[in-house]
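What follows is protein.txt (compact mmCIF, C-alpha atoms).
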# COMPACT_ATOMS: atom_id res chain seq x y z
CA MET X 17 -39.20 13.84 -114.12
CA ASN X 18 -39.72 14.90 -110.51
CA LYS X 19 -36.79 17.09 -109.50
CA ASP X 20 -38.02 17.60 -105.94
CA SER X 21 -35.76 14.84 -104.62
CA ARG X 22 -35.71 15.67 -100.94
CA VAL X 23 -36.21 12.09 -99.73
CA VAL X 24 -33.88 9.33 -100.91
CA MET X 25 -33.80 5.53 -100.57
CA PHE X 26 -30.41 3.82 -100.56
CA GLY X 27 -29.66 0.18 -101.13
CA GLU X 28 -30.45 -2.79 -103.31
CA VAL X 29 -33.87 -3.92 -104.43
CA GLY X 30 -35.30 -5.96 -101.60
CA GLY X 31 -31.94 -7.11 -100.28
CA ARG X 32 -28.39 -7.80 -101.38
CA TYR X 33 -28.89 -10.31 -104.19
CA PHE X 34 -29.45 -7.92 -107.05
CA SER X 35 -28.30 -10.41 -109.70
CA THR X 36 -31.41 -12.55 -109.10
CA THR X 37 -33.90 -9.68 -108.92
CA GLN X 38 -37.22 -10.37 -110.66
CA ASP X 39 -39.44 -7.75 -112.28
CA SER X 40 -41.95 -8.28 -109.46
CA ASP X 41 -39.25 -7.44 -106.90
CA ILE X 42 -38.46 -4.22 -108.72
CA ALA X 43 -42.13 -3.27 -109.02
CA ASN X 44 -42.70 -3.87 -105.30
CA PHE X 45 -39.59 -1.87 -104.38
CA VAL X 46 -40.58 1.10 -106.52
CA GLU X 47 -44.19 1.01 -105.34
CA LYS X 48 -43.17 1.00 -101.68
CA CYS X 49 -40.82 3.93 -102.24
CA ALA X 50 -43.41 5.93 -104.17
CA GLN X 51 -46.08 5.38 -101.53
CA ALA X 52 -43.75 6.72 -98.82
CA GLY X 53 -42.87 9.81 -100.83
CA ILE X 54 -39.39 8.65 -101.84
CA GLN X 55 -38.33 10.59 -104.90
CA ARG X 56 -34.89 9.17 -105.57
CA ILE X 57 -33.39 5.68 -105.42
CA VAL X 58 -29.63 5.42 -105.03
CA CYS X 59 -28.83 1.88 -106.01
CA SER X 60 -25.61 0.23 -104.87
CA TYR X 61 -25.07 -1.66 -108.09
CA TYR X 62 -22.27 -4.07 -107.21
CA HIS X 63 -23.02 -6.44 -110.07
CA HIS X 64 -22.26 -5.58 -113.61
CA PRO X 65 -24.17 -4.29 -116.63
CA THR X 66 -21.92 -6.02 -119.17
CA PRO X 67 -19.59 -9.04 -119.30
CA ASP X 68 -16.68 -6.59 -119.23
CA PHE X 69 -17.22 -6.34 -115.46
CA PRO X 70 -17.40 -9.92 -114.12
CA SER X 71 -17.67 -11.12 -110.53
CA TYR X 72 -15.26 -13.44 -108.78
CA VAL X 73 -14.58 -15.29 -105.59
CA VAL X 74 -11.13 -16.12 -104.29
CA HIS X 75 -10.68 -19.85 -103.70
CA ARG X 76 -7.40 -21.31 -102.47
CA GLY X 77 -5.59 -18.20 -103.64
CA ARG X 78 -7.13 -18.25 -107.11
CA LEU X 79 -9.72 -15.92 -108.60
CA LEU X 80 -12.72 -17.83 -109.93
CA ARG X 81 -15.18 -16.10 -112.20
CA ILE X 82 -18.88 -16.21 -111.34
CA GLU X 83 -21.35 -16.21 -114.21
CA GLY X 84 -25.12 -16.02 -114.34
CA PHE X 85 -25.87 -12.30 -114.39
CA GLU X 86 -28.13 -10.53 -116.83
CA TYR X 87 -26.52 -7.75 -118.82
CA GLY X 88 -27.43 -4.78 -120.96
CA ALA X 89 -31.10 -3.83 -121.26
CA ARG X 90 -32.13 -6.83 -119.15
CA SER X 91 -29.76 -6.06 -116.30
CA PRO X 92 -31.45 -5.33 -112.95
CA LEU X 93 -30.23 -1.73 -113.08
CA ALA X 94 -31.71 -1.06 -116.52
CA ARG X 95 -35.03 -2.60 -115.48
CA LEU X 96 -35.06 -0.60 -112.26
CA VAL X 97 -34.50 2.66 -114.15
CA ARG X 98 -37.37 1.96 -116.52
CA ARG X 99 -39.80 1.03 -113.74
CA ALA X 100 -38.80 3.95 -111.50
CA HIS X 101 -39.18 6.47 -114.31
CA GLU X 102 -42.69 5.16 -114.95
CA SER X 103 -43.50 6.22 -111.37
CA ASP X 104 -41.65 9.56 -111.70
CA LEU X 105 -38.78 8.48 -109.45
CA GLN X 106 -35.13 9.17 -110.13
CA VAL X 107 -32.35 6.56 -110.02
CA VAL X 108 -28.70 7.11 -109.19
CA ALA X 109 -26.21 4.24 -109.52
CA PHE X 110 -23.03 4.01 -107.51
CA VAL X 111 -19.91 1.87 -107.11
CA ASN X 112 -17.04 1.76 -104.64
CA VAL X 113 -14.22 3.76 -106.13
CA ALA X 114 -10.92 1.87 -106.49
CA THR X 115 -12.46 -1.10 -104.69
CA GLY X 116 -11.42 -4.49 -105.91
CA GLY X 117 -14.03 -6.11 -103.76
CA GLN X 118 -16.72 -5.36 -101.24
CA TRP X 119 -16.58 -7.95 -98.45
CA ILE X 120 -19.82 -9.67 -97.58
CA ARG X 121 -19.65 -10.07 -93.80
CA ALA X 122 -16.01 -11.08 -94.12
CA ASP X 123 -15.47 -11.13 -90.36
CA TYR X 124 -18.03 -13.91 -90.09
CA VAL X 125 -17.69 -16.07 -93.19
CA ALA X 126 -14.35 -15.41 -94.86
CA SER X 127 -11.62 -18.03 -94.65
CA GLY X 128 -8.21 -18.54 -96.10
CA GLU X 129 -9.69 -20.75 -98.80
CA VAL X 130 -12.85 -18.91 -99.85
CA TRP X 131 -12.99 -15.13 -99.72
CA PRO X 132 -16.24 -13.96 -101.33
CA TYR X 133 -16.62 -10.55 -102.85
CA VAL X 134 -18.91 -9.24 -105.49
CA ARG X 135 -17.08 -6.94 -107.87
CA LEU X 136 -13.68 -6.92 -109.48
CA ILE X 137 -12.61 -4.66 -112.29
CA GLY X 138 -10.50 -6.44 -114.83
CA ALA X 139 -10.06 -9.98 -116.03
CA GLY X 140 -9.01 -12.71 -113.65
CA GLU X 141 -5.65 -13.14 -112.01
CA GLU X 142 -3.89 -10.59 -114.17
CA GLN X 143 -5.54 -8.10 -111.81
CA GLU X 144 -3.06 -8.94 -109.06
CA LYS X 145 -0.56 -6.38 -110.31
CA TYR X 146 -3.10 -3.60 -109.79
CA TRP X 147 -3.91 -4.27 -106.12
CA THR X 148 -2.78 -1.29 -104.09
CA ARG X 149 -0.01 -2.14 -101.64
CA THR X 150 1.26 -1.29 -98.19
CA ARG X 151 4.76 0.04 -97.49
CA ASP X 152 6.14 -3.53 -97.41
CA GLY X 153 4.54 -4.40 -100.76
CA LYS X 154 1.63 -6.47 -99.43
CA THR X 155 -1.86 -6.51 -100.89
CA TRP X 156 -5.11 -7.20 -99.04
CA LEU X 157 -4.91 -10.81 -100.29
CA ASP X 158 -1.50 -11.19 -98.67
CA ILE X 159 -2.74 -9.83 -95.35
CA GLY X 160 -6.03 -11.73 -95.20
CA PRO X 161 -9.59 -10.86 -94.21
CA ARG X 162 -9.18 -11.52 -90.49
CA HIS X 163 -6.82 -8.56 -90.16
CA ARG X 164 -8.21 -5.02 -90.36
CA LEU X 165 -5.64 -4.13 -93.03
CA GLY X 166 -7.07 -6.90 -95.20
CA ALA X 167 -10.70 -6.02 -94.68
CA THR X 168 -11.35 -4.56 -98.13
CA GLY X 169 -9.53 -4.94 -101.43
CA TYR X 170 -8.54 -1.77 -103.24
CA LEU X 171 -7.02 -1.18 -106.65
CA GLY X 172 -4.43 1.54 -107.15
CA LEU X 173 -5.80 4.75 -108.67
CA SER X 174 -2.26 5.68 -109.67
CA TYR X 175 -2.69 3.21 -112.55
CA PRO X 176 -4.37 5.09 -115.42
CA GLU X 177 -6.01 1.89 -116.68
CA ILE X 178 -7.72 1.37 -113.31
CA ARG X 179 -9.15 4.88 -113.33
CA GLN X 180 -10.36 4.30 -116.87
CA ARG X 181 -12.05 1.01 -115.98
CA GLU X 182 -13.83 2.53 -112.99
CA GLN X 183 -14.97 5.46 -115.12
CA GLN X 184 -16.09 3.14 -117.90
CA LEU X 185 -18.42 1.31 -115.53
CA LEU X 186 -20.03 4.55 -114.36
CA MET X 187 -20.36 5.79 -117.92
CA GLN X 188 -22.20 2.58 -118.84
CA PHE X 189 -24.74 3.39 -116.14
CA ILE X 190 -25.50 6.59 -118.03
CA GLU X 191 -26.50 4.50 -121.06
CA PHE X 192 -29.34 3.07 -118.97
CA GLY X 193 -30.77 6.53 -118.38
CA VAL X 194 -29.78 7.02 -114.74
CA ASP X 195 -30.37 10.47 -113.27
CA GLY X 196 -26.99 10.64 -111.63
CA ILE X 197 -23.88 8.65 -110.79
CA GLN X 198 -22.19 8.30 -107.47
CA VAL X 199 -18.79 7.24 -106.17
CA GLU X 200 -18.29 5.81 -102.69
CA PHE X 201 -15.05 5.77 -100.72
CA MET X 202 -15.30 2.97 -98.20
CA VAL X 203 -12.25 3.77 -96.04
CA SER X 204 -13.31 6.26 -93.39
CA GLY X 205 -12.48 7.49 -89.94
CA PRO X 206 -15.19 7.25 -87.28
CA PRO X 207 -17.43 10.18 -86.34
CA ALA X 208 -16.25 12.20 -83.36
CA TYR X 209 -18.83 10.66 -81.05
CA ALA X 210 -18.00 7.02 -81.89
CA THR X 211 -16.05 4.71 -79.62
CA PRO X 212 -12.37 4.93 -80.67
CA ARG X 213 -11.19 1.85 -82.55
CA PRO X 214 -8.57 1.01 -85.20
CA ILE X 215 -9.71 1.95 -88.69
CA ASP X 216 -9.88 -0.68 -91.41
CA CYS X 217 -7.13 -0.33 -94.02
CA CYS X 218 -5.40 2.40 -91.96
CA ASP X 219 -2.33 2.48 -89.72
CA ASP X 220 -2.47 3.16 -86.00
CA ASP X 221 -2.59 6.91 -86.67
CA GLY X 222 -5.71 6.56 -88.81
CA ILE X 223 -3.85 7.18 -92.09
CA TRP X 224 -4.60 4.99 -95.11
CA ALA X 225 -1.90 2.30 -95.11
CA TYR X 226 -1.98 1.63 -98.85
CA GLY X 227 -1.02 3.54 -102.00
CA TYR X 228 2.58 2.32 -102.25
CA ASP X 229 2.11 1.35 -105.88
CA GLU X 230 4.85 1.47 -108.45
CA PRO X 231 3.47 4.41 -110.49
CA ALA X 232 2.95 6.47 -107.32
CA ILE X 233 6.37 5.60 -105.89
CA GLN X 234 8.17 6.53 -109.10
CA ALA X 235 6.16 9.74 -109.56
CA TYR X 236 6.88 10.81 -105.98
CA LYS X 237 10.60 10.08 -106.39
CA GLN X 238 10.68 12.21 -109.53
CA ALA X 239 8.79 15.08 -107.89
CA HIS X 240 10.52 15.09 -104.49
CA GLY X 241 13.72 13.09 -104.87
CA VAL X 242 12.77 10.73 -102.03
CA ASP X 243 11.43 7.19 -101.92
CA PRO X 244 8.16 7.42 -99.95
CA ARG X 245 8.85 4.00 -98.46
CA GLN X 246 11.63 5.65 -96.45
CA MET X 247 9.24 8.23 -94.97
CA ALA X 248 6.52 8.12 -92.37
CA ASN X 249 3.17 7.01 -93.77
CA SER X 250 1.69 10.14 -92.16
CA ASP X 251 4.04 12.57 -93.92
CA GLU X 252 1.70 15.33 -95.11
CA THR X 253 3.30 15.60 -98.53
CA TRP X 254 2.92 11.87 -99.13
CA VAL X 255 -0.64 11.85 -97.77
CA ARG X 256 -1.64 14.62 -100.17
CA PHE X 257 0.25 13.02 -103.05
CA ARG X 258 -1.74 9.80 -102.73
CA ALA X 259 -5.03 11.65 -102.30
CA ALA X 260 -4.34 13.58 -105.51
CA TYR X 261 -4.94 10.42 -107.55
CA ALA X 262 -8.55 10.31 -106.40
CA THR X 263 -8.87 13.97 -107.34
CA GLN X 264 -7.46 13.18 -110.77
CA TYR X 265 -9.97 10.34 -111.09
CA LEU X 266 -12.89 12.69 -110.37
CA ARG X 267 -11.58 15.33 -112.76
CA GLU X 268 -11.41 12.77 -115.54
CA LEU X 269 -14.85 11.43 -114.68
CA ARG X 270 -16.40 14.90 -114.68
CA GLN X 271 -14.87 15.63 -118.09
CA GLN X 272 -16.36 12.46 -119.53
CA VAL X 273 -19.77 13.13 -118.03
CA ASN X 274 -19.81 16.67 -119.39
CA LYS X 275 -19.18 15.34 -122.89
CA VAL X 276 -21.98 12.78 -122.76
CA ARG X 277 -24.61 14.27 -120.44
CA PRO X 278 -23.77 17.86 -119.48
CA GLY X 279 -25.34 18.74 -116.16
CA LEU X 280 -25.73 15.13 -114.98
CA GLU X 281 -25.37 14.99 -111.22
CA VAL X 282 -22.18 13.50 -109.80
CA SER X 283 -22.33 12.69 -106.11
CA LEU X 284 -20.05 11.41 -103.39
CA LEU X 285 -20.86 9.01 -100.56
CA CYS X 286 -18.71 8.46 -97.46
CA PHE X 287 -19.17 7.54 -93.83
CA SER X 288 -19.75 10.65 -91.76
CA GLY X 289 -16.35 10.56 -90.05
CA THR X 290 -14.75 11.51 -93.36
CA PHE X 291 -16.43 14.91 -93.08
CA ARG X 292 -15.35 15.78 -89.52
CA SER X 293 -12.70 17.99 -91.09
CA SER X 294 -10.73 18.35 -94.29
CA ALA X 295 -7.79 16.66 -92.52
CA ALA X 296 -9.98 13.67 -91.61
CA GLY X 297 -10.88 13.32 -95.28
CA LEU X 298 -7.30 13.61 -96.50
CA ALA X 299 -6.19 10.92 -94.06
CA VAL X 300 -8.25 8.38 -96.01
CA GLY X 301 -7.67 9.86 -99.46
CA VAL X 302 -10.86 11.93 -99.69
CA ASP X 303 -9.84 15.52 -100.39
CA TRP X 304 -13.42 16.80 -100.31
CA GLU X 305 -12.39 20.44 -99.87
CA THR X 306 -10.57 20.41 -103.20
CA TRP X 307 -13.41 18.51 -104.85
CA LEU X 308 -15.93 21.11 -103.71
CA ASN X 309 -13.71 24.01 -104.72
CA GLU X 310 -13.29 22.57 -108.22
CA GLY X 311 -16.97 21.66 -108.61
CA LEU X 312 -16.20 17.98 -109.07
CA VAL X 313 -19.15 16.79 -106.98
CA ASP X 314 -22.66 18.23 -106.83
CA VAL X 315 -24.05 16.32 -103.85
CA ILE X 316 -22.42 14.82 -100.76
CA TYR X 317 -24.15 11.92 -99.05
CA SER X 318 -22.92 11.33 -95.50
CA ARG X 319 -23.69 7.96 -93.88
CA VAL X 320 -24.70 8.45 -90.25
CA PRO X 321 -24.04 7.41 -87.57
CA GLY X 322 -20.96 6.10 -89.38
CA ASP X 323 -19.62 3.60 -86.82
CA ARG X 324 -17.61 0.73 -88.28
CA PRO X 325 -18.58 -1.91 -87.45
CA PRO X 326 -22.17 -0.77 -86.99
CA LEU X 327 -23.60 -0.70 -83.49
CA PRO X 328 -26.81 -2.42 -82.42
CA TRP X 329 -29.92 -0.30 -82.84
CA ARG X 330 -30.39 0.97 -79.29
CA GLU X 331 -26.72 1.87 -78.90
CA ARG X 332 -26.68 3.57 -82.27
CA PHE X 333 -29.58 5.97 -81.74
CA THR X 334 -29.30 7.19 -78.15
CA PRO X 335 -30.45 10.80 -77.50
CA ALA X 336 -26.86 11.87 -76.83
CA ARG X 337 -25.64 10.40 -80.10
CA ILE X 338 -28.50 11.93 -82.07
CA GLN X 339 -27.49 15.32 -80.67
CA ALA X 340 -23.89 14.61 -81.65
CA MET X 341 -25.00 13.71 -85.18
CA HIS X 342 -26.77 17.07 -85.35
CA ASP X 343 -23.68 18.94 -84.18
CA GLU X 344 -21.34 17.16 -86.58
CA LEU X 345 -23.62 17.70 -89.57
CA LEU X 346 -24.14 21.34 -88.66
CA ALA X 347 -20.38 21.93 -88.69
CA PHE X 348 -20.05 20.15 -92.04
CA ARG X 349 -23.04 21.94 -93.55
CA THR X 350 -21.43 25.25 -92.55
CA ALA X 351 -18.10 24.22 -94.09
CA VAL X 352 -19.74 23.21 -97.38
CA GLY X 353 -21.79 26.39 -97.73
CA SER X 354 -23.32 26.71 -101.18
CA ARG X 355 -20.76 24.51 -102.92
CA ALA X 356 -22.85 21.32 -102.83
CA VAL X 357 -26.09 19.76 -101.68
CA VAL X 358 -25.72 17.89 -98.37
CA CYS X 359 -27.73 14.73 -97.71
CA PRO X 360 -27.20 12.68 -94.54
CA VAL X 361 -28.20 9.03 -94.94
CA ILE X 362 -29.55 7.30 -91.84
CA GLU X 363 -28.07 3.82 -91.88
CA MET X 364 -30.16 1.26 -90.02
CA PRO X 365 -28.67 -2.12 -89.05
CA ILE X 366 -29.05 -4.83 -91.66
CA PHE X 367 -32.10 -6.63 -90.35
CA PRO X 368 -30.99 -10.25 -90.70
CA LEU X 369 -27.95 -9.44 -88.53
CA ILE X 370 -29.77 -7.76 -85.64
CA ALA X 371 -31.01 -9.91 -82.81
CA PRO X 372 -34.75 -10.58 -82.56
CA GLY X 373 -36.35 -8.21 -80.10
CA GLN X 374 -33.49 -5.73 -80.33
CA VAL X 375 -35.89 -2.99 -81.35
CA THR X 376 -39.65 -2.74 -81.73
CA HIS X 377 -41.57 -1.17 -84.59
CA GLU X 378 -42.52 1.77 -82.35
CA GLU X 379 -38.94 2.35 -81.23
CA ALA X 380 -37.65 2.14 -84.79
CA VAL X 381 -40.15 4.69 -86.08
CA ARG X 382 -39.51 7.05 -83.18
CA THR X 383 -35.70 6.94 -83.33
CA VAL X 384 -35.55 7.33 -87.11
CA GLU X 385 -37.88 10.31 -86.98
CA ASP X 386 -35.99 11.87 -84.06
CA THR X 387 -32.69 11.40 -85.89
CA GLY X 388 -34.12 12.82 -89.11
CA ARG X 389 -35.56 15.88 -87.42
CA ALA X 390 -32.20 16.58 -85.76
CA LEU X 391 -30.43 16.34 -89.12
CA VAL X 392 -32.99 18.58 -90.80
CA ALA X 393 -32.44 21.13 -88.03
CA ALA X 394 -28.70 20.93 -88.77
CA GLY X 395 -29.33 22.04 -92.36
CA ALA X 396 -29.76 18.84 -94.36
CA ASP X 397 -30.87 19.60 -97.93
CA ARG X 398 -32.10 16.03 -98.47
CA MET X 399 -32.65 13.02 -96.25
CA GLY X 400 -31.62 9.47 -97.11
CA PHE X 401 -32.47 6.07 -95.62
CA TRP X 402 -30.43 2.89 -95.94
CA TRP X 403 -31.45 -0.77 -96.05
CA PHE X 404 -34.80 -1.36 -97.63
CA ASP X 405 -35.12 -4.79 -96.04
CA THR X 406 -34.79 -3.33 -92.52
CA ILE X 407 -37.25 -0.55 -93.29
CA GLU X 408 -39.70 -3.04 -94.70
CA THR X 409 -39.35 -5.62 -91.93
CA LEU X 410 -39.63 -3.12 -89.07
CA ASP X 411 -42.16 -0.97 -90.98
CA VAL X 412 -40.23 2.27 -90.62
CA TRP X 413 -42.27 3.79 -93.47
CA PRO X 414 -44.31 6.09 -91.14
CA ALA X 415 -41.11 7.85 -90.06
CA ILE X 416 -40.06 8.32 -93.69
CA ARG X 417 -43.45 9.79 -94.61
CA ASN X 418 -43.31 12.16 -91.63
CA LEU X 419 -39.78 13.28 -92.49
CA ARG X 420 -40.79 13.95 -96.09
CA ARG X 421 -43.45 16.28 -94.75
CA VAL X 422 -40.86 17.97 -92.51
CA MET X 423 -38.52 18.42 -95.49
CA ARG X 424 -41.31 19.97 -97.56
CA THR X 425 -43.04 22.15 -94.94
CA GLY X 426 -40.54 22.58 -92.12
CA GLN X 427 -43.06 21.13 -89.66

Hey, can you dump this file as structure tokens for me?
Amino acid sequence: MNKDSRVVMFGEVGGRYFSTTQDSDIANFVEKCAQAGIQRIVCSYYHHPTPDFPSYVVHRGRLLRIEGFEYGARSPLARLVRRAHESDLQVVAFVNVATGGQWIRADYVASGEVWPYVRLIGAGEEQEKYWTRTRDGKTWLDIGPRHRLGATGYLGLSYPEIRQREQQLLMQFIEFGVDGIQVEFMVSGPPAYATPRPIDCCDDDGIWAYGYDEPAIQAYKQAHGVDPRQMANSDETWVRFRAAYATQYLRELRQQVNKVRPGLEVSLLCFSGTFRSSAAGLAVGVDWETWLNEGLVDVIYSRVPGDRPPLPWRERFTPARIQAMHDELLAFRTAVGSRAVVCPVIEMPIFPLIAPGQVTHEEAVRTVEDTGRALVAAGADRMGFWWFDTIETLDVWPAIRNLRRVMRTGQ
């Protein structure tokens, strides 16, 4: 197996409908990656390898199960691993940690009657008790998708059974022969150079608004003699207390991985704003300093530019912003030191959502290469690229091939 994984492709096979992926789609995806010098595929596997992890939609306040996926050895992930290994490519599978659901363009299509999302851990409506809650006891379903606090559904990591279910899903990926597993924390502050805006799932101070779950409340009362609902959401002790559950989750996951596949890579993916500082990470429950110090993660993937919602192409990759991406990554690379591999992931707009004529093939190739070179100069150990469909449609492959050469030769 090729261990020289300097260039990485992120995203689903040929789009975001992985449950219907055909073998021909997988073969085309792998072939395109191999031809461009991609050595690792990090697959956002939102659908499930076994019936234990079903998908749902919310309709009129009720969770409705969606069937029709292939499981086990015939699942898209298992088939992708086999085909990639035939071409000497690695595969890493990831999920959103503690995420009850990943919205699919919720701002555009969600309504009070039908709220689509693609992954839910657990079985049906019994899951309601595990939704993480705000100070006033509301869940994302209570708040609704039109409000930024209802943008993404999270499950409470203070529940041991939720941590176990999340870990179980990742451990099942290992059975398919993946070369690594990855966890993604979706809540994130913006990068320093982004236009200031309220952060999804956070209060006006940029602190995660959730985590007021019964196990956490009772544990905090016992430890500190105070009900956290009577304190400021930004109280440092309470912020760190909630973040400690994610740390516990990663400790447990690392222990399980070491028993089954010692040395298997465990990686972390966040939007780049999470890595502005350790305080920025803690604010959204990502205590990456502690995780690095304890050796809980081997690789950190940072999504750049990291604006939420994403900007149009030409606003996203201006020369000034590319320089700012370099500066921010350089500071983070210095902070990490030798504790982990650092891989920025250049996120291109999802092609179907960008206006025709927004960017030409020549502009796309030039800006991706310019961005990549700036990130390499900042000390990137690897380089990642997100959204296969955009890369394919705009033919950004020449930039990827050039950046692979830069990663290998420095020129």

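Between Ala208 of chain X and the residues X:Asn44, X:Thr306, X:Ser293, X:Thr376, the shortest atom-to-atom distance, using all atoms listed in the file, involves X:Ser293.
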
### Message
Show me, as a PyMOL selection string, the residues that have an atom within 9 Å of Gln183 of chain X when counting only C-alpha atoms, minus same-chain residues fewer than 5 positions from it.
### Response
chain X and resi 178+188+265-266+268-269+272

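Comparing the minimum interatomic distances between Thr409 of chain X and each of X:Met364, X:Ala232, X:Leu308, X:Val111, counting only C-alpha atoms, we find that X:Met364 sits nearest.
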
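Restricting the calculation to all atoms listed in the file, the smallest distance between Thr148 of chain X and any of X:Leu165, X:Ala43, X:Val203, X:Leu171 is found for X:Leu171.
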
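Distances from X:Asp219, X:Glu252, X:Glu363, X:Asp397 to Val384 of chain X were compared using only C-alpha atoms, and the smallest one belongs to X:Glu363.
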
Between atom CA of Leu298 of chain X and atom CA of Thr253 of chain X lies a distance of 11.0 Å

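When atom CA of Glu385 of chain X is paired with atom CA of Ala415 of chain X, their separation reads 5.1 Å.
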
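Among X:Val108, X:Leu391, X:Ala52, X:Val422, the residue with the shortest atom-to-atom distance to Leu285 of chain X, counting all atoms listed in the file, is X:Val108.
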
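Taking all atoms listed in the file into account, Gln38 of chain X lies nearest to X:Leu96 out of the set X:Val255, X:Leu96, X:Ala235, X:Val412.
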
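Here atom CA of Ala109 of chain X is placed at a distance of 13.9 Å from atom CA of Val273 of chain X.
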
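The list of residues with at least one atom within 9 Å of segment 310-313 of chain X, based on only C-alpha atoms and without residues fewer than 4 positions apart in the same chain, reads Thr263, Leu266, Arg267, Leu269, Arg270, Glu281, Val282, Ser283, Leu284, Trp304, Glu305, Thr306, Arg355 and Ala356 of chain X.
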
Would you fill the gaps in segment 192-208 of chain X so it has N, CA and C atoms, then print it as a PDB file, keeping the file's coordinate frame?
ATOM      1  N   PHE X 192     -28.061   3.586-119.415  1.00  0.00           N
ATOM      2  CA  PHE X 192     -29.340   3.070-118.970  1.00  0.00           C
ATOM      3  C   PHE X 192     -30.311   4.167-118.571  1.00  0.00           C
ATOM      4  N   GLY X 193     -29.880   5.420-118.674  1.00  0.00           N
ATOM      5  CA  GLY X 193     -30.770   6.530-118.380  1.00  0.00           C
ATOM      6  C   GLY X 193     -30.815   6.948-116.929  1.00  0.00           C
ATOM      7  N   VAL X 194     -29.779   6.611-116.140  1.00  0.00           N
ATOM      8  CA  VAL X 194     -29.780   7.020-114.740  1.00  0.00           C
ATOM      9  C   VAL X 194     -29.783   8.542-114.642  1.00  0.00           C
ATOM     10  N   ASP X 195     -30.256   9.025-113.504  1.00  0.00           N
ATOM     11  CA  ASP X 195     -30.370  10.470-113.270  1.00  0.00           C
ATOM     12  C   ASP X 195     -29.171  11.043-112.547  1.00  0.00           C
ATOM     13  N   GLY X 196     -28.207  10.202-112.276  1.00  0.00           N
ATOM     14  CA  GLY X 196     -26.990  10.640-111.630  1.00  0.00           C
ATOM     15  C   GLY X 196     -26.094   9.448-111.375  1.00  0.00           C
ATOM     16  N   ILE X 197     -24.819   9.709-111.146  1.00  0.00           N
ATOM     17  CA  ILE X 197     -23.880   8.650-110.790  1.00  0.00           C
ATOM     18  C   ILE X 197     -23.179   9.053-109.505  1.00  0.00           C
ATOM     19  N   GLN X 198     -22.760   8.037-108.775  1.00  0.00           N
ATOM     20  CA  GLN X 198     -22.190   8.300-107.470  1.00  0.00           C
ATOM     21  C   GLN X 198     -20.970   7.415-107.240  1.00  0.00           C
ATOM     22  N   VAL X 199     -19.981   7.988-106.551  1.00  0.00           N
ATOM     23  CA  VAL X 199     -18.790   7.240-106.170  1.00  0.00           C
ATOM     24  C   VAL X 199     -18.742   7.167-104.645  1.00  0.00           C
ATOM     25  N   GLU X 200     -18.358   6.000-104.132  1.00  0.00           N
ATOM     26  CA  GLU X 200     -18.290   5.810-102.690  1.00  0.00           C
ATOM     27  C   GLU X 200     -16.878   5.419-102.288  1.00  0.00           C
ATOM     28  N   PHE X 201     -16.331   6.127-101.304  1.00  0.00           N
ATOM     29  CA  PHE X 201     -15.050   5.770-100.720  1.00  0.00           C
ATOM     30  C   PHE X 201     -15.313   5.061 -99.401  1.00  0.00           C
ATOM     31  N   MET X 202     -14.933   3.783 -99.343  1.00  0.00           N
ATOM     32  CA  MET X 202     -15.300   2.970 -98.200  1.00  0.00           C
ATOM     33  C   MET X 202     -14.406   3.180 -96.988  1.00  0.00           C
ATOM     34  N   VAL X 203     -13.143   3.553 -97.172  1.00  0.00           N
ATOM     35  CA  VAL X 203     -12.250   3.770 -96.040  1.00  0.00           C
ATOM     36  C   VAL X 203     -12.632   5.085 -95.372  1.00  0.00           C
ATOM     37  N   SER X 204     -12.835   5.059 -94.055  1.00  0.00           N
ATOM     38  CA  SER X 204     -13.310   6.260 -93.390  1.00  0.00           C
ATOM     39  C   SER X 204     -12.977   6.209 -91.916  1.00  0.00           C
ATOM     40  N   GLY X 205     -12.617   7.368 -91.375  1.00  0.00           N
ATOM     41  CA  GLY X 205     -12.480   7.490 -89.940  1.00  0.00           C
ATOM     42  C   GLY X 205     -13.841   7.536 -89.279  1.00  0.00           C
ATOM     43  N   PRO X 206     -13.911   7.249 -87.979  1.00  0.00           N
ATOM     44  CA  PRO X 206     -15.190   7.250 -87.280  1.00  0.00           C
ATOM     45  C   PRO X 206     -15.666   8.675 -87.004  1.00  0.00           C
ATOM     46  N   PRO X 207     -16.959   8.864 -86.781  1.00  0.00           N
ATOM     47  CA  PRO X 207     -17.430  10.180 -86.340  1.00  0.00           C
ATOM     48  C   PRO X 207     -16.853  10.501 -84.968  1.00  0.00           C
ATOM     49  N   ALA X 208     -16.880  11.765 -84.606  1.00  0.00           N
ATOM     50  CA  ALA X 208     -16.250  12.200 -83.360  1.00  0.00           C
ATOM     51  C   ALA X 208     -16.871  11.553 -82.142  1.00  0.00           C
TER      52      ALA X 208
END
